[in-house]
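Raw contents of upload-v5.txt, compact mmCIF, C-alpha atoms and all ligand atoms:
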```txt
# COMPACT_ATOMS: atom_id res chain seq x y z
CA MET A 46 -85.41 113.93 -120.81
CA ALA A 47 -82.47 115.98 -121.98
CA THR A 48 -83.11 119.43 -123.34
CA VAL A 49 -82.14 120.21 -126.92
CA ARG A 50 -79.20 122.24 -125.65
CA GLU A 51 -77.90 119.41 -123.43
CA TYR A 52 -78.36 116.91 -126.21
CA ASP A 53 -76.63 119.24 -128.64
CA SER A 54 -73.52 119.48 -126.47
CA TYR A 55 -73.51 115.72 -125.92
CA ILE A 56 -73.42 114.96 -129.66
CA GLN A 57 -70.89 117.70 -130.08
CA GLN A 58 -68.54 115.95 -127.65
CA GLN A 59 -69.13 112.63 -129.37
CA THR A 60 -68.51 113.71 -132.94
CA LEU A 61 -66.64 116.98 -133.29
CA ARG A 62 -62.87 116.90 -133.52
CA ALA A 63 -62.41 120.58 -132.95
CA GLU A 64 -64.24 123.73 -131.99
CA LEU A 65 -65.76 124.46 -135.36
CA THR A 66 -68.14 127.25 -136.16
CA ALA A 67 -70.56 127.69 -139.02
CA ALA A 68 -68.35 130.54 -140.25
CA SER A 69 -65.14 128.50 -140.26
CA VAL A 70 -66.80 125.61 -142.10
CA LYS A 71 -68.39 128.01 -144.60
CA ASN A 72 -64.96 129.44 -145.25
CA MET A 73 -63.54 125.95 -145.87
CA LYS A 74 -66.30 125.15 -148.34
CA GLU A 75 -66.25 128.42 -150.20
CA ASN A 76 -62.60 129.40 -150.19
CA ILE A 77 -60.31 126.54 -149.24
CA PHE A 78 -61.61 123.20 -150.57
CA PRO A 79 -62.30 124.44 -154.13
CA GLN A 80 -58.57 125.06 -154.61
CA PHE A 81 -57.71 121.37 -154.45
CA TYR A 82 -59.41 119.68 -157.39
CA GLU A 83 -57.02 121.09 -159.93
CA MET A 84 -54.07 119.67 -158.02
CA ILE A 85 -55.64 116.32 -157.09
CA GLY A 86 -57.97 115.40 -159.96
CA ASP A 87 -60.53 112.60 -160.06
CA GLU A 88 -58.46 109.52 -159.35
CA PRO A 89 -57.56 110.04 -155.67
CA ILE A 90 -61.16 111.04 -154.92
CA ASN A 91 -62.35 107.91 -156.67
CA GLN A 92 -59.87 105.85 -154.62
CA LEU A 93 -61.04 107.56 -151.45
CA THR A 94 -64.69 106.70 -152.04
CA LYS A 95 -63.70 103.06 -152.76
CA GLU A 96 -61.50 102.79 -149.67
CA PHE A 97 -64.22 104.38 -147.59
CA TYR A 98 -67.14 102.29 -148.79
CA SER A 99 -65.17 99.01 -148.68
CA ARG A 100 -64.72 99.73 -144.96
CA VAL A 101 -68.30 100.89 -144.47
CA TYR A 102 -69.80 97.79 -146.10
CA ASP A 103 -67.57 95.57 -143.92
CA ASP A 104 -68.54 97.45 -140.77
CA GLN A 105 -71.14 95.44 -138.86
CA LYS A 106 -72.08 98.48 -136.82
CA LEU A 107 -73.18 100.28 -139.98
CA ALA A 108 -74.86 97.30 -141.64
CA SER A 109 -78.41 98.32 -140.73
CA VAL A 110 -77.85 101.93 -141.84
CA PHE A 111 -76.60 100.90 -145.29
CA SER A 112 -78.91 97.90 -145.78
CA SER A 113 -81.08 99.67 -148.35
CA SER A 114 -78.21 101.19 -150.36
CA THR A 115 -76.07 99.63 -153.04
CA ARG A 116 -72.35 100.08 -152.71
CA SER A 117 -71.77 101.23 -156.29
CA GLU A 118 -74.51 103.86 -156.06
CA ALA A 119 -73.27 105.05 -152.68
CA GLN A 120 -69.75 105.33 -154.11
CA SER A 121 -70.82 107.34 -157.12
CA ASN A 122 -72.94 109.68 -154.97
CA LEU A 123 -70.05 110.42 -152.65
CA PHE A 124 -67.60 110.71 -155.56
CA ALA A 125 -69.84 113.29 -157.25
CA PHE A 126 -70.23 115.17 -153.97
CA LEU A 127 -66.54 115.23 -153.07
CA THR A 128 -65.33 116.25 -156.53
CA GLU A 129 -67.74 119.20 -156.35
CA LEU A 130 -66.68 120.04 -152.79
CA LEU A 131 -63.04 120.16 -153.86
CA GLY A 132 -63.74 122.52 -156.75
CA GLY A 133 -64.27 120.07 -159.61
CA PRO A 134 -67.21 119.62 -161.97
CA ARG A 135 -70.63 120.18 -160.41
CA ARG A 136 -71.54 116.52 -160.70
CA TYR A 137 -73.50 116.25 -157.47
CA THR A 138 -75.67 119.25 -158.33
CA GLU A 139 -76.33 117.68 -161.73
CA LEU A 140 -77.17 114.34 -160.15
CA ARG A 141 -79.28 115.59 -157.26
CA GLY A 142 -80.35 119.08 -158.22
CA LYS A 143 -79.09 120.62 -155.00
CA TYR A 144 -75.77 120.60 -153.25
CA HIS A 145 -76.29 121.90 -149.72
CA ARG A 146 -78.82 119.48 -148.30
CA LEU A 147 -76.97 116.75 -146.50
CA VAL A 148 -79.04 116.73 -143.32
CA GLY A 149 -82.21 116.33 -145.33
CA ARG A 150 -80.62 113.66 -147.51
CA HIS A 151 -79.82 111.56 -144.42
CA ILE A 152 -83.04 112.05 -142.51
CA ALA A 153 -84.60 108.76 -143.64
CA TYR A 154 -81.67 106.67 -142.30
CA ASN A 155 -81.27 105.45 -138.78
CA ILE A 156 -78.20 107.52 -137.92
CA ASP A 157 -77.20 108.12 -134.32
CA GLU A 158 -73.96 109.30 -132.71
CA SER A 159 -72.42 105.84 -132.67
CA ALA A 160 -73.07 105.50 -136.43
CA ALA A 161 -71.49 108.93 -136.87
CA ARG A 162 -68.40 107.83 -134.96
CA ARG A 163 -68.08 104.71 -137.15
CA TRP A 164 -68.57 106.79 -140.33
CA LEU A 165 -65.85 109.22 -139.22
CA ALA A 166 -63.45 106.43 -138.18
CA ASN A 167 -63.86 104.72 -141.58
CA MET A 168 -63.32 108.01 -143.37
CA ASP A 169 -60.23 108.74 -141.27
CA GLU A 170 -58.75 105.36 -142.26
CA ALA A 171 -59.72 105.79 -145.91
CA LEU A 172 -58.07 109.22 -146.10
CA HIS A 173 -54.88 107.74 -144.67
CA ALA A 174 -55.01 104.92 -147.25
CA VAL A 175 -54.91 107.27 -150.27
CA PRO A 176 -51.47 108.83 -150.78
CA ALA A 177 -52.73 112.13 -152.21
CA PHE A 178 -54.67 112.77 -148.99
CA ALA A 179 -52.32 111.03 -146.56
CA ALA A 180 -49.43 113.18 -147.78
CA ASN A 181 -51.38 116.41 -147.46
CA SER A 182 -51.94 116.79 -143.73
CA TYR A 183 -53.42 120.26 -144.16
CA LEU A 184 -56.21 119.06 -146.47
CA LEU A 185 -56.68 115.85 -144.48
CA GLU A 186 -57.26 117.68 -141.19
CA LEU A 187 -59.61 120.18 -142.80
CA LEU A 188 -61.63 117.41 -144.41
CA LEU A 189 -61.93 115.54 -141.12
CA ASP A 190 -63.09 118.72 -139.42
CA TYR A 191 -65.63 119.35 -142.15
CA PHE A 192 -66.88 115.73 -142.02
CA SER A 193 -67.16 115.85 -138.21
CA TYR A 194 -69.11 119.07 -138.38
CA THR A 195 -71.49 117.71 -141.00
CA ALA A 196 -71.91 114.40 -139.15
CA TYR A 197 -72.75 116.37 -136.02
CA TRP A 198 -75.52 118.25 -137.83
CA ILE A 199 -76.85 115.06 -139.40
CA VAL A 200 -77.21 113.42 -135.97
CA PHE A 201 -78.49 116.56 -134.32
CA GLY A 202 -81.01 117.20 -137.09
CA LYS A 203 -82.28 113.66 -136.89
CA ARG A 204 -82.53 113.25 -133.12
CA THR A 205 -84.10 116.60 -132.35
CA ALA A 206 -86.57 116.26 -135.22
CA TYR A 207 -85.19 119.60 -136.26
CA MET A 208 -86.03 118.31 -139.71
CA LYS A 209 -88.83 115.85 -140.14
CA PRO A 210 -89.15 112.61 -142.09
CA GLY A 211 -91.21 113.22 -145.19
CA GLN A 212 -89.37 116.47 -145.72
CA PRO A 213 -86.40 114.90 -147.50
CA SER A 214 -85.09 118.01 -149.16
CA GLY A 215 -85.10 119.89 -145.88
CA GLY A 216 -87.63 122.33 -147.25
CA ASN A 217 -86.96 125.96 -148.01
CA THR A 218 -87.28 127.30 -144.50
CA VAL A 219 -84.67 125.20 -142.76
CA ASP A 220 -82.28 125.29 -145.72
CA THR A 221 -81.97 129.06 -145.63
CA GLY A 222 -78.53 130.13 -144.49
CA ARG A 223 -77.45 126.61 -143.68
CA ILE A 224 -74.17 125.40 -145.05
CA TRP A 225 -74.15 121.62 -144.72
C1 LIG A 301 -73.03 110.74 -139.64
C2 LIG A 301 -72.69 109.59 -140.21
C3 LIG A 301 -73.19 109.23 -141.59
C4 LIG A 301 -73.87 108.11 -141.93
C5 LIG A 301 -74.19 106.93 -141.01
C6 LIG A 301 -74.21 108.23 -143.33
C7 LIG A 301 -74.96 107.31 -144.05
C8 LIG A 301 -75.38 107.47 -145.35
C9 LIG A 301 -76.25 106.57 -146.07
C10 LIG A 301 -76.88 105.30 -145.50
C11 LIG A 301 -76.40 107.06 -147.31
C12 LIG A 301 -77.18 106.44 -148.48
C13 LIG A 301 -76.17 105.77 -149.40
C14 LIG A 301 -76.30 106.21 -150.83
O1 LIG A 301 -75.71 107.23 -151.25
O2 LIG A 301 -76.99 105.52 -151.57
C15 LIG A 301 -75.64 108.28 -147.38
C16 LIG A 301 -75.56 109.08 -148.49
C17 LIG A 301 -74.74 110.15 -148.59
N1 LIG A 301 -73.89 110.65 -147.64
FE1 LIG A 301 -73.81 110.02 -145.74
N2 LIG A 301 -73.70 109.39 -143.83
C18 LIG A 301 -73.07 110.03 -142.80
C19 LIG A 301 -72.37 111.22 -142.87
C20 LIG A 301 -72.06 111.87 -144.04
C21 LIG A 301 -71.16 112.98 -144.16
C22 LIG A 301 -70.38 113.58 -143.00
C23 LIG A 301 -71.11 113.31 -145.47
C24 LIG A 301 -70.32 114.37 -146.19
C25 LIG A 301 -69.93 115.48 -145.70
C26 LIG A 301 -72.01 112.43 -146.19
C27 LIG A 301 -72.27 112.47 -147.53
C28 LIG A 301 -73.21 111.71 -148.17
C29 LIG A 301 -73.64 111.92 -149.53
C30 LIG A 301 -73.15 113.00 -150.49
C31 LIG A 301 -74.61 110.96 -149.81
C32 LIG A 301 -75.44 110.79 -151.08
C33 LIG A 301 -76.81 111.39 -150.77
C34 LIG A 301 -77.74 111.38 -151.94
O3 LIG A 301 -77.59 112.24 -152.81
O4 LIG A 301 -78.65 110.54 -151.98
N3 LIG A 301 -72.56 111.55 -145.28
N4 LIG A 301 -75.01 108.49 -146.19
```

Could the structure of this file be written out as structure tokens, please?
Amino acid sequence: MATVREYDSYIQQQTLRAELTAASVKNMKENIFPQFYEMIGDEPINQLTKEFYSRVYDDQKLASVFSSSTRSEAQSNLFAFLTELLGGPRRYTELRGKYHRLVGRHIAYNIDESAARRWLANMDEALHAVPAFAANSYLLELLLDYFSYTAYWIVFGKRTAYMKPGQPSGGNTVDTGRIW
């Protein structure tokens, strides 16, 4: 059986596009992404979530992961999250009460590294299908890095039982200092 460290580096190779650190991702979230909402506005983010989820719900490899979710609810959750990430209204916090808890939010789903690769491939295509993102290679690359990093933690958290089912919020202890 692989050790946590071996497993960690395996998922890292499978999902991460670049050498990303907690500090660089924190900097994206706090200082870089929030500058974009004013320029982009709601509509491209809305288009992105539609493009993304139309691919996800057609993706047979993700069918079992999304079988208990409705597409419209999934779209509005991601729309609220991404508008907040990019510096817009705090819709996701209003909807869910907390913003930084993505590993915990995904713990109940059957997400492994191959699901993460499909998620990232669909998001990559969706970003390229929306002109406001496709034309902004700086933002597009940063978003893909941020998504890869988060996907990596979601898979790692799940497989190592770093966070446990029945602890959907992540709990106070593991949330401390985490930036996902
Ligand atoms: C690793 C691959 C991933 C898979 C297979 C996956 C799958 C899922 C599923 C099945 C849901 C429930 C659908 C719903 O909202 O009703 C969900 C929710 C969500 N996902 Fe993911 N996800 C992945 C990665 C990510 C990443 C990288 C992000 C963003 C950085 C993200 C953001 C969200 C958000 C904001 C929600 C709504 C959670 C809530 O408040 O209930 N996911 N995801």

Check: Which neighbours of stretch 53-58 of chain A fall inside 7 Å, counting all atoms listed in the file, when residues of the same chain fewer than 3 positions from it are skipped, and could you give them as a PyMOL selection string?
Finding: chain A and resi 49-50+61+158+197+201

Notebook entry, point to check: Would you name the residues within 8 Å of ligand LIG 301 (chain A), counting all atoms listed in the file, and put them as a VMD selection string?
Noted result: chain A and resid 107 110 to 116 118 to 127 137 140 to 141 147 150 to 151 154 to 158 160 to 165 191 to 197 199 to 200 225

Item checked: Non-local contacts of A:Asn167 (9 Å; only C-alpha atoms; under 6 positions in same chain excluded) as a list in words ->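 Near neighbours after the sequence-gap exclusion: Glu96, Phe97, Tyr98, Arg100, Val101 and Asp104 of chain A.
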
Next item on the list: Have a look at A:His173, A:Leu130, A:Gln105, A:Asn72 and name the one nearest to A:Glu186; count all atoms listed in the file.
Entry: A:His173

Note to self: Counting all atoms listed in the file, I want the residues whose atoms come within 12 Å of (-58.6, 116.4, -141.9) in the file frame, returned as a PyMOL selection string.
What the structure shows: chain A and resi 61-63+73+78+165-166+168-173+178-194

Next item on the list: Using atom CA of A:Ala67 and atom CA of A:Gln92 as the two end points, give the distance in Å to one decimal.
Entry: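 Value for the atom CA of A:Ala67-atom CA of A:Gln92 distance: 28.9 Å.
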
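For the atom pair formed by atom CA of A:Val70 and atom CA of A:Ala108, the distance is 29.4 Å, given to one decimal.
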
Notebook entry, point to check: Just how far from atom CA of A:Pro134 is atom CA of A:Ile85, in Å to one decimal?
Noted result: 13.0 Å

Check: For A:Asn76, which residue out of A:Glu51, A:Pro89, A:Leu131, A:Gly149 is the nearest one, using only C-alpha atoms?
Finding: A:Leu131

Need the axis-aligned box for stretch 198-203 of chain A with 8 Å each side, so what are the centre and edges in Å to one decimal, as AutoDock Vina command-line options?
```
--center_x -78.9 --center_y 115.8 --center_z -136.9 --size_x 22.8 --size_y 20.8 --size_z 21.1
```

Notebook entry, point to check: Between A:Lys74, A:Lys106, A:Arg146, A:Lys95, which has the minimum distance to A:Glu129 (counting only C-alpha atoms)?
Noted result: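 Looking at the shortest contact to A:Glu129, the residue is A:Lys74.
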
Next item on the list: Point out the residue among A:Arg204, A:Thr60, A:Asn91, A:Glu75 with the least atom-to-atom distance to A:Ala153, counting only C-alpha atoms.
Entry: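 Ranked by minimum distance to A:Ala153, first place goes to A:Arg204.
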